[in-house]
>>> print(open('input-v6.cif').read())   # mmCIF, C-alpha atoms
data_my_file
loop_
_atom_site.group_PDB
_atom_site.id
_atom_site.type_symbol
_atom_site.label_atom_id
_atom_site.label_comp_id
_atom_site.auth_asym_id
_atom_site.auth_seq_id
_atom_site.Cartn_x
_atom_site.Cartn_y
_atom_site.Cartn_z
ATOM 1 C CA MET A 2 -65.164 43.121 83.573
ATOM 2 C CA LYS A 3 -66.221 39.753 84.907
ATOM 3 C CA VAL A 4 -65.546 36.498 83.177
ATOM 4 C CA PRO A 5 -67.688 36.218 80.023
ATOM 5 C CA ALA A 6 -70.818 34.213 80.729
ATOM 6 C CA ASP A 7 -70.181 31.794 77.861
ATOM 7 C CA PHE A 8 -66.827 30.746 79.310
ATOM 8 C CA GLY A 9 -68.655 28.413 81.693
ATOM 9 C CA VAL A 10 -66.854 29.509 84.856
ATOM 10 C CA ASP A 11 -68.082 31.219 88.014
ATOM 11 C CA ASP A 12 -66.292 34.546 88.375
ATOM 12 C CA ALA A 13 -65.743 33.881 92.086
ATOM 13 C CA ALA A 14 -63.721 30.786 91.243
ATOM 14 C CA LEU A 15 -60.939 32.675 89.493
ATOM 15 C CA ILE A 16 -57.635 33.256 91.225
ATOM 16 C CA SER A 17 -56.375 36.837 91.012
ATOM 17 C CA ILE A 18 -52.744 37.905 90.859
ATOM 18 C CA THR A 19 -51.203 41.330 90.392
ATOM 19 C CA ILE A 20 -47.657 41.540 89.042
ATOM 20 C CA PRO A 21 -45.251 44.374 88.314
ATOM 21 C CA ASN A 22 -44.916 45.322 84.674
ATOM 22 C CA ASP A 23 -41.893 43.083 84.173
ATOM 23 C CA LEU A 24 -41.697 39.899 82.096
ATOM 24 C CA ARG A 25 -39.560 38.258 84.768
ATOM 25 C CA CYS A 26 -42.489 38.439 87.163
ATOM 26 C CA VAL A 27 -44.628 36.330 84.866
ATOM 27 C CA LYS A 28 -42.597 33.173 85.416
ATOM 28 C CA GLU A 29 -44.029 32.245 88.780
ATOM 29 C CA PRO A 30 -47.745 32.601 87.974
ATOM 30 C CA GLU A 31 -47.136 30.913 84.628
ATOM 31 C CA ALA A 32 -45.448 28.011 86.366
ATOM 32 C CA ARG A 33 -48.407 27.687 88.739
ATOM 33 C CA ILE A 34 -50.831 27.553 85.843
ATOM 34 C CA MET A 35 -48.698 24.980 84.013
ATOM 35 C CA GLU A 36 -48.584 22.799 87.135
ATOM 36 C CA GLU A 37 -52.362 22.967 87.414
ATOM 37 C CA LEU A 38 -52.728 21.990 83.772
ATOM 38 C CA LYS A 39 -50.542 18.930 84.252
ATOM 39 C CA ARG A 40 -52.376 17.989 87.430
ATOM 40 C CA CYS A 41 -55.688 18.201 85.563
ATOM 41 C CA GLY A 42 -54.434 15.927 82.818
ATOM 42 C CA TYR A 43 -54.021 18.360 79.933
ATOM 43 C CA GLN A 44 -52.054 16.841 77.083
ATOM 44 C CA ASP A 45 -48.816 18.251 75.743
ATOM 45 C CA ASP A 46 -50.350 19.996 72.720
ATOM 46 C CA ALA A 47 -52.912 21.792 74.898
ATOM 47 C CA ILE A 48 -50.252 22.876 77.370
ATOM 48 C CA PHE A 49 -48.139 24.200 74.506
ATOM 49 C CA ALA A 50 -51.098 26.176 73.168
ATOM 50 C CA ILE A 51 -52.059 27.618 76.543
ATOM 51 C CA LYS A 52 -48.486 28.545 77.419
ATOM 52 C CA LEU A 53 -48.035 30.273 74.075
ATOM 53 C CA ALA A 54 -51.302 32.216 74.317
ATOM 54 C CA PHE A 55 -50.663 33.185 77.938
ATOM 55 C CA GLU A 56 -47.188 34.480 77.146
ATOM 56 C CA GLU A 57 -48.449 36.418 74.126
ATOM 57 C CA ALA A 58 -51.225 38.025 76.171
ATOM 58 C CA VAL A 59 -48.941 39.002 79.027
ATOM 59 C CA THR A 60 -46.170 40.198 76.710
ATOM 60 C CA ASN A 61 -48.673 42.389 74.880
ATOM 61 C CA ALA A 62 -49.870 43.838 78.186
ATOM 62 C CA ILE A 63 -46.352 44.591 79.380
ATOM 63 C CA LYS A 64 -44.837 45.850 76.140
ATOM 64 C CA HIS A 65 -47.742 47.438 74.323
ATOM 65 C CA GLY A 66 -50.465 48.077 76.870
ATOM 66 C CA ASN A 67 -48.222 49.330 79.657
ATOM 67 C CA CYS A 68 -45.489 50.516 77.254
ATOM 68 C CA ASN A 69 -42.766 48.768 79.306
ATOM 69 C CA ASP A 70 -43.447 51.222 82.139
ATOM 70 C CA ARG A 71 -42.074 49.550 85.265
ATOM 71 C CA SER A 72 -44.355 51.649 87.467
ATOM 72 C CA LYS A 73 -47.431 50.019 85.979
ATOM 73 C CA LYS A 74 -49.001 46.700 86.876
ATOM 74 C CA VAL A 75 -50.528 43.740 85.099
ATOM 75 C CA TYR A 76 -53.597 42.065 86.538
ATOM 76 C CA LEU A 77 -54.022 38.347 86.014
ATOM 77 C CA ARG A 78 -56.897 36.042 86.790
ATOM 78 C CA TYR A 79 -57.062 32.362 86.052
ATOM 79 C CA TYR A 80 -59.055 29.201 86.554
ATOM 80 C CA VAL A 81 -58.143 25.622 85.699
ATOM 81 C CA ASP A 82 -60.209 22.459 85.809
ATOM 82 C CA PRO A 83 -60.023 19.292 83.732
ATOM 83 C CA GLN A 84 -62.569 20.666 81.250
ATOM 84 C CA ARG A 85 -61.285 24.175 80.644
ATOM 85 C CA VAL A 86 -58.755 26.812 81.493
ATOM 86 C CA VAL A 87 -59.647 30.478 81.622
ATOM 87 C CA PHE A 88 -57.310 33.375 82.095
ATOM 88 C CA MET A 89 -57.577 37.124 81.995
ATOM 89 C CA VAL A 90 -54.838 39.672 81.444
ATOM 90 C CA ARG A 91 -55.429 43.381 82.045
ATOM 91 C CA ASP A 92 -52.983 46.241 81.683
ATOM 92 C CA GLU A 93 -53.188 49.876 82.733
ATOM 93 C CA GLY A 94 -52.915 51.234 79.226
ATOM 94 C CA ARG A 95 -55.358 53.074 77.038
ATOM 95 C CA GLY A 96 -56.451 50.001 75.179
ATOM 96 C CA PHE A 97 -56.542 49.309 71.469
ATOM 97 C CA ARG A 98 -58.766 47.977 68.684
ATOM 98 C CA PRO A 99 -57.914 44.332 68.028
ATOM 99 C CA ASP A 100 -59.963 44.426 64.834
ATOM 100 C CA GLN A 101 -57.593 47.065 63.473
ATOM 101 C CA VAL A 102 -54.472 44.943 63.796
ATOM 102 C CA PRO A 103 -53.294 44.022 60.281
ATOM 103 C CA ASP A 104 -53.527 40.385 59.226
ATOM 104 C CA PRO A 105 -49.972 39.063 59.616
ATOM 105 C CA THR A 106 -50.639 36.259 57.140
ATOM 106 C CA ALA A 107 -51.462 38.651 54.301
ATOM 107 C CA ASP A 108 -48.770 38.604 51.642
ATOM 108 C CA GLU A 109 -47.871 42.253 52.235
ATOM 109 C CA ASN A 110 -47.401 41.639 55.987
ATOM 110 C CA LEU A 111 -45.732 38.264 55.907
ATOM 111 C CA GLU A 112 -42.221 39.588 56.388
ATOM 112 C CA ARG A 113 -43.045 42.155 59.017
ATOM 113 C CA PRO A 114 -41.150 41.427 62.234
ATOM 114 C CA CYS A 115 -44.151 41.898 64.528
ATOM 115 C CA GLY A 116 -47.922 41.598 64.775
ATOM 116 C CA ARG A 117 -48.482 37.852 65.143
ATOM 117 C CA GLY A 118 -49.304 37.578 68.830
ATOM 118 C CA LEU A 119 -53.019 38.267 68.548
ATOM 119 C CA MET A 120 -53.440 35.877 65.650
ATOM 120 C CA LEU A 121 -51.655 33.114 67.517
ATOM 121 C CA MET A 122 -53.859 33.658 70.557
ATOM 122 C CA GLN A 123 -56.955 33.403 68.370
ATOM 123 C CA SER A 124 -55.619 30.302 66.639
ATOM 124 C CA TYR A 125 -54.676 28.371 69.742
ATOM 125 C CA MET A 126 -57.472 29.261 72.154
ATOM 126 C CA THR A 127 -61.121 28.255 72.027
ATOM 127 C CA LYS A 128 -62.316 31.810 72.677
ATOM 128 C CA VAL A 129 -60.639 35.207 72.988
ATOM 129 C CA ARG A 130 -62.672 38.146 74.248
ATOM 130 C CA TYR A 131 -61.507 41.745 74.632
ATOM 131 C CA SER A 132 -63.073 44.404 76.805
ATOM 132 C CA PRO A 133 -64.555 47.379 74.905
ATOM 133 C CA VAL A 134 -61.503 49.477 75.779
ATOM 134 C CA GLY A 135 -59.119 46.738 74.719
ATOM 135 C CA ASN A 136 -56.854 46.691 77.760
ATOM 136 C CA GLU A 137 -58.343 43.487 79.116
ATOM 137 C CA VAL A 138 -58.469 40.124 77.387
ATOM 138 C CA TRP A 139 -60.157 36.895 78.436
ATOM 139 C CA LEU A 140 -59.035 33.586 76.971
ATOM 140 C CA LEU A 141 -60.665 30.193 77.170
ATOM 141 C CA LYS A 142 -59.182 26.854 76.186
ATOM 142 C CA GLU A 143 -61.456 23.836 76.335
ATOM 143 C CA ASN A 144 -59.725 20.575 77.017
ATOM 144 C CA VAL A 145 -61.022 18.428 74.206
ATOM 145 C CA SER A 146 -58.909 15.409 75.121
ATOM 146 C CA GLY A 147 -59.721 15.133 78.795
ATOM 147 C CA GLY A 148 -62.169 16.018 81.548
ATOM 148 C CA MET B 277 -15.052 24.363 66.509
ATOM 149 C CA ASP B 278 -17.623 25.342 69.160
ATOM 150 C CA GLN B 279 -17.708 28.990 70.108
ATOM 151 C CA PRO B 280 -18.691 29.948 73.654
ATOM 152 C CA SER B 281 -22.001 31.760 73.900
ATOM 153 C CA SER B 282 -24.608 32.216 76.564
ATOM 154 C CA HIS B 283 -27.480 31.314 74.196
ATOM 155 C CA LEU B 284 -26.016 29.680 71.120
ATOM 156 C CA LYS B 285 -23.720 26.815 70.232
ATOM 157 C CA ILE B 286 -22.038 27.465 66.905
ATOM 158 C CA LYS B 287 -20.231 24.818 64.885
ATOM 159 C CA ARG B 288 -18.910 24.643 61.365
ATOM 160 C CA ALA B 289 -19.882 21.965 58.888
ATOM 161 C CA GLY B 290 -17.709 22.794 55.921
ATOM 162 C CA ASN B 291 -18.634 26.329 54.975
ATOM 163 C CA VAL B 292 -21.936 26.233 56.848
ATOM 164 C CA ALA B 293 -22.300 27.805 60.264
ATOM 165 C CA VAL B 294 -24.574 25.518 62.254
ATOM 166 C CA VAL B 295 -26.263 27.112 65.228
ATOM 167 C CA GLU B 296 -28.004 25.247 68.013
ATOM 168 C CA PHE B 297 -29.865 26.887 70.856
ATOM 169 C CA ALA B 298 -28.402 26.213 74.253
ATOM 170 C CA ASP B 299 -31.640 25.992 76.210
ATOM 171 C CA ARG B 300 -35.014 24.393 75.488
ATOM 172 C CA LYS B 301 -36.874 27.509 76.505
ATOM 173 C CA ILE B 302 -34.365 29.882 75.046
ATOM 174 C CA LEU B 303 -36.853 31.326 72.617
ATOM 175 C CA GLU B 304 -38.808 33.181 75.252
ATOM 176 C CA GLU B 305 -39.310 36.922 75.123
ATOM 177 C CA LEU B 306 -36.540 37.802 77.540
ATOM 178 C CA SER B 307 -33.855 36.013 75.552
ATOM 179 C CA ILE B 308 -34.957 36.865 72.074
ATOM 180 C CA GLN B 309 -33.266 40.238 71.767
ATOM 181 C CA GLU B 310 -29.947 38.809 72.939
ATOM 182 C CA ILE B 311 -30.184 35.864 70.583
ATOM 183 C CA GLY B 312 -31.155 38.155 67.718
ATOM 184 C CA GLU B 313 -28.131 40.308 68.389
ATOM 185 C CA GLU B 314 -25.786 37.316 68.461
ATOM 186 C CA LEU B 315 -27.202 35.990 65.210
ATOM 187 C CA ARG B 316 -27.024 39.406 63.572
ATOM 188 C CA ARG B 317 -23.324 39.662 64.430
ATOM 189 C CA LEU B 318 -22.789 36.170 63.060
ATOM 190 C CA ALA B 319 -24.583 37.015 59.812
ATOM 191 C CA GLU B 320 -22.590 40.215 59.406
ATOM 192 C CA SER B 321 -19.298 38.465 60.061
ATOM 193 C CA GLU B 322 -19.267 36.743 56.692
ATOM 194 C CA THR B 323 -20.480 37.843 53.272
ATOM 195 C CA GLY B 324 -22.457 35.068 51.629
ATOM 196 C CA ILE B 325 -22.854 33.244 54.934
ATOM 197 C CA ARG B 326 -24.490 29.848 54.899
ATOM 198 C CA LEU B 327 -26.364 29.661 58.173
ATOM 199 C CA LEU B 328 -28.281 26.719 59.566
ATOM 200 C CA LEU B 329 -30.412 27.112 62.686
ATOM 201 C CA ASN B 330 -30.991 23.741 64.323
ATOM 202 C CA PHE B 331 -34.051 23.819 66.567
ATOM 203 C CA GLN B 332 -33.589 20.385 68.119
ATOM 204 C CA ASN B 333 -33.296 21.819 71.622
ATOM 205 C CA VAL B 334 -36.269 24.156 71.321
ATOM 206 C CA ASP B 335 -39.675 23.239 72.669
ATOM 207 C CA HIS B 336 -41.199 26.689 73.039
ATOM 208 C CA LEU B 337 -41.386 29.761 70.868
ATOM 209 C CA ALA B 338 -42.838 33.262 71.276
ATOM 210 C CA SER B 339 -44.093 35.337 68.372
ATOM 211 C CA ALA B 340 -41.271 37.781 68.990
ATOM 212 C CA ALA B 341 -38.873 34.964 68.085
ATOM 213 C CA LEU B 342 -40.546 34.740 64.696
ATOM 214 C CA GLY B 343 -39.919 38.441 64.246
ATOM 215 C CA MET B 344 -36.304 37.935 65.215
ATOM 216 C CA LEU B 345 -35.968 35.164 62.627
ATOM 217 C CA ILE B 346 -37.527 37.360 59.944
ATOM 218 C CA THR B 347 -35.080 40.147 60.725
ATOM 219 C CA LEU B 348 -32.226 37.644 60.571
ATOM 220 C CA HIS B 349 -33.525 36.282 57.271
ATOM 221 C CA LYS B 350 -33.452 39.757 55.759
ATOM 222 C CA LYS B 351 -29.957 40.391 57.101
ATOM 223 C CA VAL B 352 -28.665 37.131 55.619
ATOM 224 C CA GLN B 353 -30.249 38.013 52.283
ATOM 225 C CA GLU B 354 -28.575 41.451 52.410
ATOM 226 C CA GLN B 355 -25.287 39.626 52.913
ATOM 227 C CA SER B 356 -26.065 37.454 49.859
ATOM 228 C CA GLY B 357 -26.187 34.473 52.186
ATOM 229 C CA GLN B 358 -28.517 31.579 52.779
ATOM 230 C CA LEU B 359 -30.511 30.690 55.888
ATOM 231 C CA LYS B 360 -32.067 27.312 56.569
ATOM 232 C CA LEU B 361 -33.904 25.968 59.599
ATOM 233 C CA SER B 362 -34.008 22.348 60.732
ATOM 234 C CA ASN B 363 -35.217 19.947 63.436
ATOM 235 C CA ILE B 364 -38.325 21.952 64.218
ATOM 236 C CA ASN B 365 -40.723 19.848 66.277
ATOM 237 C CA ASN B 366 -44.340 19.420 65.229
ATOM 238 C CA GLN B 367 -45.742 21.904 67.733
ATOM 239 C CA ILE B 368 -43.416 24.667 66.707
ATOM 240 C CA TYR B 369 -43.808 23.836 63.031
ATOM 241 C CA GLN B 370 -47.539 24.442 63.491
ATOM 242 C CA VAL B 371 -46.704 27.981 64.646
ATOM 243 C CA PHE B 372 -44.759 28.497 61.415
ATOM 244 C CA ARG B 373 -47.618 27.017 59.430
ATOM 245 C CA ILE B 374 -50.352 29.067 61.122
ATOM 246 C CA THR B 375 -48.390 32.257 60.516
ATOM 247 C CA ARG B 376 -47.527 31.135 56.946
ATOM 248 C CA LEU B 377 -43.872 31.563 57.764
ATOM 249 C CA ASN B 378 -43.265 28.037 56.559
ATOM 250 C CA ARG B 379 -43.414 29.693 53.126
ATOM 251 C CA VAL B 380 -40.837 32.319 54.021
ATOM 252 C CA PHE B 381 -38.190 30.114 55.595
ATOM 253 C CA ASP B 382 -36.396 27.169 54.041
ATOM 254 C CA ILE B 383 -37.225 24.480 56.610
ATOM 255 C CA HIS B 384 -35.762 20.987 56.617
ATOM 256 C CA GLN B 385 -36.588 17.964 58.763
ATOM 257 C CA THR B 386 -33.021 17.313 59.815
ATOM 258 C CA ALA B 387 -29.717 19.103 59.897
ATOM 259 C CA ASP B 388 -28.283 16.527 57.487
ATOM 260 C CA GLU B 389 -30.974 17.293 54.951
ATOM 261 C CA ALA B 390 -30.327 21.011 55.329
ATOM 262 C CA LEU B 391 -26.579 20.529 54.934
ATOM 263 C CA GLU B 392 -27.190 18.417 51.856
ATOM 264 C CA ALA B 393 -29.327 21.218 50.466
ATOM 265 C CA PHE B 394 -26.393 23.573 51.064
ATOM 266 C CA GLY B 395 -24.259 21.001 49.252
ATOM 267 C CA GLN B 396 -22.249 20.179 52.339
ATOM 268 C CA VAL B 397 -22.878 16.460 52.989
#
>>> encode(input="input-v6.cif", output="structure tokens")
Amino acid sequence: MKVPADFGVDDAALISITIPNDLRCVKEPEARIMEELKRCGYQDDAIFAIKLAFEEAVTNAIKHGNCNDRSKKVYLRYYVDPQRVVFMVRDEGRGFRPDQVPDPTADENLERPCGRGLMLMQSYMTKVRYSPVGNEVWLLKENVSGG
Amino acid sequence: MDQPSSHLKIKRAGNVAVVEFADRKILEELSIQEIGEELRRLAESETGIRLLLNFQNVDHLASAALGMLITLHKKVQEQSGQLKLSNINNQIYQVFRITRLNRVFDIHQTADEALEAFGQV
């Protein structure tokens, strides 16, 4: 799917990257995005939030979406300007229902060892949008302190 | 005495094992399993272990690290031990707060405060 219309970015402006289904291959594109954020004047708290959400999204794609299958790929798209950062992560899996993920902050789930990634993405990003299938996620972070 | 480790620095303060993380970005997905395994072995090495994790070198955390800490917490409890965390910076503390894990873990501002809480100062 194309970038959601309410993310305020022209789809043609996004940079596209395809990586193998391997967490080690995330480092380089992540570093590029972090450099862009610093160049555009994002403050430390925003960079922390974006880095965390990006890593959660990509980790979910690699581990859960693509089931750690090294033959699969992860598709990334991103855009950075001083006002906003947008990124997309898509895996080759069957998708899932984000609304069916248990609330990790509920008392009965608090001591479960997993299930917090989605909640952290929602907490730290301005908008999170999943495709209907659930194997593609778009994230927007507006830079409230700059731009 | 320091023990050599690829991810952890372990010292003793009385009968408390104080663990520091060797790298600022150590708590990223790729390292978490290894760290979890090292901490599990440490927790199992001593019944009633008093374990302090000092986060002063950590500036980034993945949600899988929280899961690792929860698993460690349960292991320490099984061993009738105590686990405390200290020196967590504001950004990472917010992650604990958002996930409500600040209510699960015994978190102290500084290692000295944590050691005092153990009764070791």
>>> interface_residues(input="input-v6.cif", of="chain B", to="chain A", cutoff="8 Å", atoms="all atoms listed in the file", output="JSON, numbers by chain")
{"B": [305, 306, 336, 337, 338, 339, 340, 342, 343, 344, 346, 347, 367, 371, 374, 375, 376, 377, 380]}
>>> atom_distance(input="input-v6.cif", atom1="atom CA of Met126 of chain A", atom2="atom CA of Ile51 of chain A")
7.2 Å
>>> residues_around(input="input-v6.cif", residues="Arg326 of chain B", least_positions_apart="4", cutoff="8 Å", atoms="only C-alpha atoms", output="list in words")
Asn291, Val292, Ala293, Gly357, Gln358, Leu359 and Phe394 of chain B
>>> atom_distance(input="input-v6.cif", atom1="atom CA of Leu315 of chain B", atom2="atom CA of Ala341 of chain B")
12.1 Å
>>> residues_around(input="input-v6.cif", residues="Ala298 of chain B", least_positions_apart="6", cutoff="10 Å", atoms="all atoms listed in the file", output="tab-separated table (two decimals) with C-alpha atoms, in the coordinates of the input")
chain	number	residue	atom	x	y	z
B	281	SER	CA	-22.00	31.76	73.90
B	282	SER	CA	-24.61	32.22	76.56
B	283	HIS	CA	-27.48	31.31	74.20
B	284	LEU	CA	-26.02	29.68	71.12
B	285	LYS	CA	-23.72	26.82	70.23
B	286	ILE	CA	-22.04	27.46	66.90
B	331	PHE	CA	-34.05	23.82	66.57
B	332	GLN	CA	-33.59	20.39	68.12
B	333	ASN	CA	-33.30	21.82	71.62
B	334	VAL	CA	-36.27	24.16	71.32
>>> resolve_selection(input="input-v6.cif", expression="the PyMOL selection byres ((chain B and resi 381) around 8)", output="ChimeraX atom specification")
/B:349,359-361,377-380,382-383
>>> write_last_selection(input="input-v6.cif", atoms="C-alpha atoms", output="compact mmCIF listing (two decimals), in the frame of the given file")
# COMPACT_ATOMS: atom_id res chain seq x y z
CA HIS B 349 -33.52 36.28 57.27
CA LEU B 359 -30.51 30.69 55.89
CA LYS B 360 -32.07 27.31 56.57
CA LEU B 361 -33.90 25.97 59.60
CA LEU B 377 -43.87 31.56 57.76
CA ASN B 378 -43.26 28.04 56.56
CA ARG B 379 -43.41 29.69 53.13
CA VAL B 380 -40.84 32.32 54.02
CA ASP B 382 -36.40 27.17 54.04
CA ILE B 383 -37.22 24.48 56.61
>>> resolve_selection(input="input-v6.cif", expression="the PyMOL selection byres ((chain A and resi 132-135) around 10)", output="list of chain:residue names")
A:Met2, A:Lys3, A:Pro5, A:Gly66, A:Arg91, A:Asp92, A:Gly94, A:Arg95, A:Gly96, A:Phe97, A:Arg98, A:Pro99, A:Arg130, A:Tyr131, A:Asn136, A:Glu137, A:Val138, A:Trp139
>>> atom_distance(input="input-v6.cif", atom1="atom CA of Gly9 of chain A", atom2="atom CA of Lys74 of chain A")
27.3 Å
>>> resolve_selection(input="input-v6.cif", expression="the PyMOL selection byres ((chain A and resi 43) around 12)", output="JSON, numbers by chain")
{"A": [34, 35, 36, 37, 38, 39, 40, 41, 42, 44, 45, 46, 47, 48, 49, 50, 51, 52, 81, 82, 83, 84, 85, 86, 142, 143, 144, 145, 146, 147, 148]}
>>> build_atoms(input="input-v6.cif", residues="segment 346-368 of chain B", atoms="N, CA and C atoms", output="compact mmCIF listing (two decimals), in the frame of the given file")
# COMPACT_ATOMS: atom_id res chain seq x y z
N ILE B 346 -37.26 36.61 61.18
CA ILE B 346 -37.53 37.36 59.94
C ILE B 346 -36.46 38.44 59.74
N THR B 347 -36.13 39.13 60.81
CA THR B 347 -35.08 40.15 60.72
C THR B 347 -33.75 39.51 60.33
N LEU B 348 -33.46 38.36 60.91
CA LEU B 348 -32.23 37.64 60.57
C LEU B 348 -32.24 37.22 59.11
N HIS B 349 -33.37 36.73 58.66
CA HIS B 349 -33.52 36.28 57.27
C HIS B 349 -33.19 37.42 56.31
N LYS B 350 -33.71 38.59 56.62
CA LYS B 350 -33.45 39.76 55.76
C LYS B 350 -31.97 40.13 55.79
N LYS B 351 -31.38 40.05 56.96
CA LYS B 351 -29.96 40.39 57.10
C LYS B 351 -29.11 39.42 56.29
N VAL B 352 -29.43 38.14 56.37
CA VAL B 352 -28.66 37.13 55.62
C VAL B 352 -28.82 37.38 54.12
N GLN B 353 -30.02 37.72 53.70
CA GLN B 353 -30.25 38.01 52.28
C GLN B 353 -29.43 39.23 51.84
N GLU B 354 -29.38 40.25 52.71
CA GLU B 354 -28.58 41.45 52.41
C GLU B 354 -27.11 41.09 52.23
N GLN B 355 -26.68 40.06 52.98
CA GLN B 355 -25.29 39.63 52.91
C GLN B 355 -25.08 38.61 51.79
N SER B 356 -26.11 38.44 50.94
CA SER B 356 -26.06 37.45 49.86
C SER B 356 -25.83 36.05 50.39
N GLY B 357 -26.37 35.78 51.57
CA GLY B 357 -26.19 34.47 52.19
C GLY B 357 -27.43 33.62 52.06
N GLN B 358 -27.39 32.49 52.76
CA GLN B 358 -28.52 31.58 52.78
C GLN B 358 -28.80 31.19 54.23
N LEU B 359 -30.09 31.09 54.54
CA LEU B 359 -30.51 30.69 55.89
C LEU B 359 -31.44 29.49 55.75
N LYS B 360 -31.16 28.46 56.52
CA LYS B 360 -32.07 27.31 56.57
C LYS B 360 -32.35 26.99 58.03
N LEU B 361 -33.51 26.41 58.26
CA LEU B 361 -33.90 25.97 59.60
C LEU B 361 -34.10 24.45 59.56
N SER B 362 -33.81 23.80 60.70
CA SER B 362 -34.01 22.35 60.73
C SER B 362 -34.43 21.88 62.12
N ASN B 363 -34.90 20.61 62.17
CA ASN B 363 -35.22 19.95 63.44
C ASN B 363 -36.27 20.70 64.25
N ILE B 364 -37.24 21.25 63.53
CA ILE B 364 -38.33 21.95 64.22
C ILE B 364 -39.38 20.92 64.60
N ASN B 365 -39.74 20.86 65.88
CA ASN B 365 -40.72 19.85 66.28
C ASN B 365 -42.12 20.21 65.77
N ASN B 366 -43.02 19.24 65.84
CA ASN B 366 -44.34 19.42 65.23
C ASN B 366 -45.10 20.62 65.79
N GLN B 367 -44.99 20.81 67.11
CA GLN B 367 -45.74 21.90 67.73
C GLN B 367 -45.25 23.25 67.23
N ILE B 368 -43.96 23.39 67.16
CA ILE B 368 -43.42 24.67 66.71
C ILE B 368 -43.61 24.83 65.21
